[in-house]
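Reviewing the structure listed below.
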Amino acid sequence: MSRTAAPQDTTDGVAAVERALSIVDAIAQRTDPISLADLSRATGFYKSTLLRLISSLEKGNLVVRRADGRYALGLYAHNLGRAYEATYRLAEIMQPLLQGLVDHGTESASFHAYHDPQSRICLLRVDSHHSTLDRIRAGDLLPLNKGAAGKLLTAYFVHGESVAKAGLLMTSMGERDPSCAAVASPVFGPDDEIRGVISLSGPKERYTPAAIKKMSKLLQESAAQATQALGGRWPG
């Protein structure tokens, strides 16, 4: 006779999964392997808790313990990343479009996606040809409630707003950083689901009305191309 899990068993199981995923996330944020002590500080978990959860993650090959005792992502985590990229072909599609925007004289081009209820993640980045830049790199986590890209992701991904309400273009001036500005446009996939946002960001003083108008036109053309390449329908 099979045993029916009690409610607390389900709750404990969900909590364990969430803790395990937070460990994977903390490791993924690093460009180099992380020690147990640093992982404890990053997650807020006791070392005994970490070791117990890491043991399961190691069995699943999501995390690997190196010879020096530090931890890195395992092969399965990398396979998941490759599978995600293969599914949506994000790098293949987006990188040339971002480069094309910059080559047309825009500010630095980035592609942002939803990360968690507080954050968005910069997945891809091409710096502009200007001598002064805003400081954003691929892999950076940025506020979800600030900046043009964040507000678009919030409108579409969190609130589920329509194109008529959220629009296809957002501008921000000094919201995330007082000295920076940005214009952003959404990218859609099949079933009109938002896949991310292209953002053109840089020093605020260069965001004149004429510059914003020029960049906005180029930006929406690129967002439309990306949407079509990902199997979506550009609403504009």
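In the structure tokens, each chain is lettered A, B, ... as it comes, each chain's residues begin at 1, and ligands are numbered from 1 in order of appearance.
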
*12 Å contact set for segment 206-219 of chain A, only C-alpha atoms, chain neighbours under 2 positions out, as a PyMOL selection string*: chain A and resi 97-111+130+132-134+168-174+179-187+197-204+221-226+236

_Polymer residues at most 9 Å from Val63 of chain A, only C-alpha atoms, same-chain spacing of 5 or more positions, as a PyMOL selection string_ = chain A and resi 24+27+54-58+71-77

Run DSSP on the backbone and grab whatever in chain A lands in helix (DSSP H, G or I); send it over as an mmCIF file with C-alpha atoms, in the first residue's frame.
```
data_model
loop_
_atom_site.group_PDB
_atom_site.id
_atom_site.type_symbol
_atom_site.label_atom_id
_atom_site.label_comp_id
_atom_site.auth_asym_id
_atom_site.auth_seq_id
_atom_site.Cartn_x
_atom_site.Cartn_y
_atom_site.Cartn_z
ATOM 1 C CA PRO A 7 1.083 18.233 3.952
ATOM 2 C CA GLN A 8 4.226 18.985 5.936
ATOM 3 C CA ASP A 9 6.179 16.471 3.822
ATOM 4 C CA THR A 10 5.260 18.410 0.682
ATOM 5 C CA THR A 11 6.141 21.710 2.322
ATOM 6 C CA ASP A 12 9.504 20.402 3.511
ATOM 7 C CA GLY A 13 10.231 19.008 0.064
ATOM 8 C CA VAL A 14 9.484 22.299 -1.665
ATOM 9 C CA ALA A 15 11.646 24.184 0.836
ATOM 10 C CA ALA A 16 14.536 21.755 0.252
ATOM 11 C CA VAL A 17 14.278 22.230 -3.511
ATOM 12 C CA GLU A 18 14.237 26.003 -3.118
ATOM 13 C CA ARG A 19 17.315 25.873 -0.879
ATOM 14 C CA ALA A 20 19.118 23.591 -3.312
ATOM 15 C CA LEU A 21 18.325 25.884 -6.244
ATOM 16 C CA SER A 22 19.560 28.899 -4.283
ATOM 17 C CA ILE A 23 22.893 27.086 -3.889
ATOM 18 C CA VAL A 24 23.092 26.461 -7.636
ATOM 19 C CA ASP A 25 22.220 30.111 -8.250
ATOM 20 C CA ALA A 26 24.929 31.343 -5.864
ATOM 21 C CA ILE A 27 27.527 29.192 -7.619
ATOM 22 C CA ALA A 28 26.308 30.330 -11.046
ATOM 23 C CA LEU A 36 32.075 26.425 1.346
ATOM 24 C CA ALA A 37 32.598 29.433 3.613
ATOM 25 C CA ASP A 38 31.804 31.901 0.812
ATOM 26 C CA LEU A 39 28.816 29.801 -0.217
ATOM 27 C CA SER A 40 27.554 29.926 3.365
ATOM 28 C CA ARG A 41 27.839 33.721 3.362
ATOM 29 C CA ALA A 42 26.158 34.003 -0.044
ATOM 30 C CA THR A 43 23.179 31.807 0.853
ATOM 31 C CA LYS A 47 27.727 24.669 6.485
ATOM 32 C CA SER A 48 26.049 21.476 7.712
ATOM 33 C CA THR A 49 22.922 22.365 5.714
ATOM 34 C CA LEU A 50 25.001 23.182 2.653
ATOM 35 C CA LEU A 51 26.892 19.898 2.787
ATOM 36 C CA ARG A 52 23.656 17.916 3.013
ATOM 37 C CA LEU A 53 22.070 19.693 0.056
ATOM 38 C CA ILE A 54 25.262 19.740 -2.007
ATOM 39 C CA SER A 55 25.486 15.967 -1.638
ATOM 40 C CA SER A 56 22.198 15.634 -3.532
ATOM 41 C CA LEU A 57 23.255 18.235 -6.094
ATOM 42 C CA GLU A 58 26.493 16.347 -6.699
ATOM 43 C CA LYS A 59 24.572 13.116 -7.328
ATOM 44 C CA LEU A 75 28.099 18.992 -16.287
ATOM 45 C CA TYR A 76 24.315 18.701 -16.056
ATOM 46 C CA ALA A 77 24.006 22.403 -15.212
ATOM 47 C CA HIS A 78 26.022 23.256 -18.314
ATOM 48 C CA ASN A 79 23.888 20.866 -20.371
ATOM 49 C CA LEU A 80 20.778 22.666 -19.167
ATOM 50 C CA GLY A 81 22.284 25.967 -20.242
ATOM 51 C CA ARG A 82 23.121 24.627 -23.679
ATOM 52 C CA ALA A 83 19.647 23.126 -23.984
ATOM 53 C CA TYR A 84 18.042 26.449 -23.087
ATOM 54 C CA GLU A 85 20.169 28.316 -25.587
ATOM 55 C CA ALA A 86 19.496 25.712 -28.267
ATOM 56 C CA THR A 87 15.771 25.896 -27.622
ATOM 57 C CA TYR A 88 15.488 29.636 -27.962
ATOM 58 C CA LEU A 90 19.073 33.451 -27.966
ATOM 59 C CA ALA A 91 22.783 34.041 -28.431
ATOM 60 C CA GLU A 92 22.687 33.114 -32.102
ATOM 61 C CA ILE A 93 19.799 35.476 -32.790
ATOM 62 C CA MET A 94 20.403 38.302 -30.350
ATOM 63 C CA GLN A 95 24.157 38.836 -30.465
ATOM 64 C CA PRO A 96 24.284 39.981 -34.133
ATOM 65 C CA LEU A 97 21.293 42.245 -33.572
ATOM 66 C CA LEU A 98 22.902 43.859 -30.530
ATOM 67 C CA GLN A 99 26.147 44.292 -32.449
ATOM 68 C CA GLY A 100 24.241 45.807 -35.364
ATOM 69 C CA LEU A 101 22.612 48.380 -33.109
ATOM 70 C CA VAL A 102 25.968 49.444 -31.683
ATOM 71 C CA ASP A 103 27.511 49.577 -35.171
ATOM 72 C CA ALA A 148 13.381 50.788 -18.891
ATOM 73 C CA ALA A 149 14.111 47.070 -19.283
ATOM 74 C CA GLY A 150 12.968 46.274 -15.751
ATOM 75 C CA LYS A 151 9.687 48.138 -16.128
ATOM 76 C CA LEU A 152 8.866 46.360 -19.385
ATOM 77 C CA LEU A 153 9.617 42.955 -17.881
ATOM 78 C CA THR A 154 7.459 43.830 -14.890
ATOM 79 C CA ALA A 155 4.582 44.980 -17.090
ATOM 80 C CA TYR A 156 4.567 41.932 -19.363
ATOM 81 C CA PHE A 157 6.022 39.126 -17.259
ATOM 82 C CA VAL A 158 4.804 39.979 -13.754
ATOM 83 C CA VAL A 163 0.678 45.393 -25.609
ATOM 84 C CA ALA A 164 -1.923 48.145 -25.706
ATOM 85 C CA LYS A 165 -1.254 48.936 -22.034
ATOM 86 C CA ALA A 166 2.453 48.165 -21.654
ATOM 87 C CA PRO A 190 5.456 31.859 -29.739
ATOM 88 C CA ASP A 191 2.019 32.539 -28.238
ATOM 89 C CA ASP A 192 3.009 36.195 -27.725
ATOM 90 C CA LYS A 204 22.161 60.376 -19.456
ATOM 91 C CA GLU A 205 23.621 63.500 -21.059
ATOM 92 C CA ARG A 206 23.708 61.781 -24.459
ATOM 93 C CA PRO A 209 15.330 63.980 -27.865
ATOM 94 C CA ALA A 210 16.965 63.467 -31.272
ATOM 95 C CA ALA A 211 19.153 60.610 -29.998
ATOM 96 C CA ILE A 212 16.211 58.899 -28.285
ATOM 97 C CA LYS A 213 14.117 59.158 -31.465
ATOM 98 C CA LYS A 214 16.884 57.642 -33.613
ATOM 99 C CA MET A 215 17.668 54.838 -31.153
ATOM 100 C CA SER A 216 13.992 54.037 -30.589
ATOM 101 C CA LYS A 217 13.455 53.417 -34.304
ATOM 102 C CA LEU A 218 16.507 51.170 -34.602
ATOM 103 C CA LEU A 219 15.631 49.404 -31.351
ATOM 104 C CA GLN A 220 12.102 48.464 -32.371
ATOM 105 C CA GLU A 221 13.294 47.262 -35.772
ATOM 106 C CA SER A 222 15.750 44.918 -34.013
ATOM 107 C CA ALA A 223 13.131 43.774 -31.493
ATOM 108 C CA ALA A 224 10.778 42.952 -34.362
ATOM 109 C CA GLN A 225 13.507 40.935 -36.133
ATOM 110 C CA ALA A 226 14.311 39.046 -32.925
ATOM 111 C CA THR A 227 10.635 38.300 -32.303
ATOM 112 C CA GLN A 228 10.158 36.903 -35.792
ATOM 113 C CA ALA A 229 13.347 34.814 -35.532
#
```

_Write out as a PyMOL selection string the set of residues from segment 155-226 of chain A that DSSP, computed on the backbone, places in strand (DSSP E)._
chain A and resi 170-173+180-188+194-203
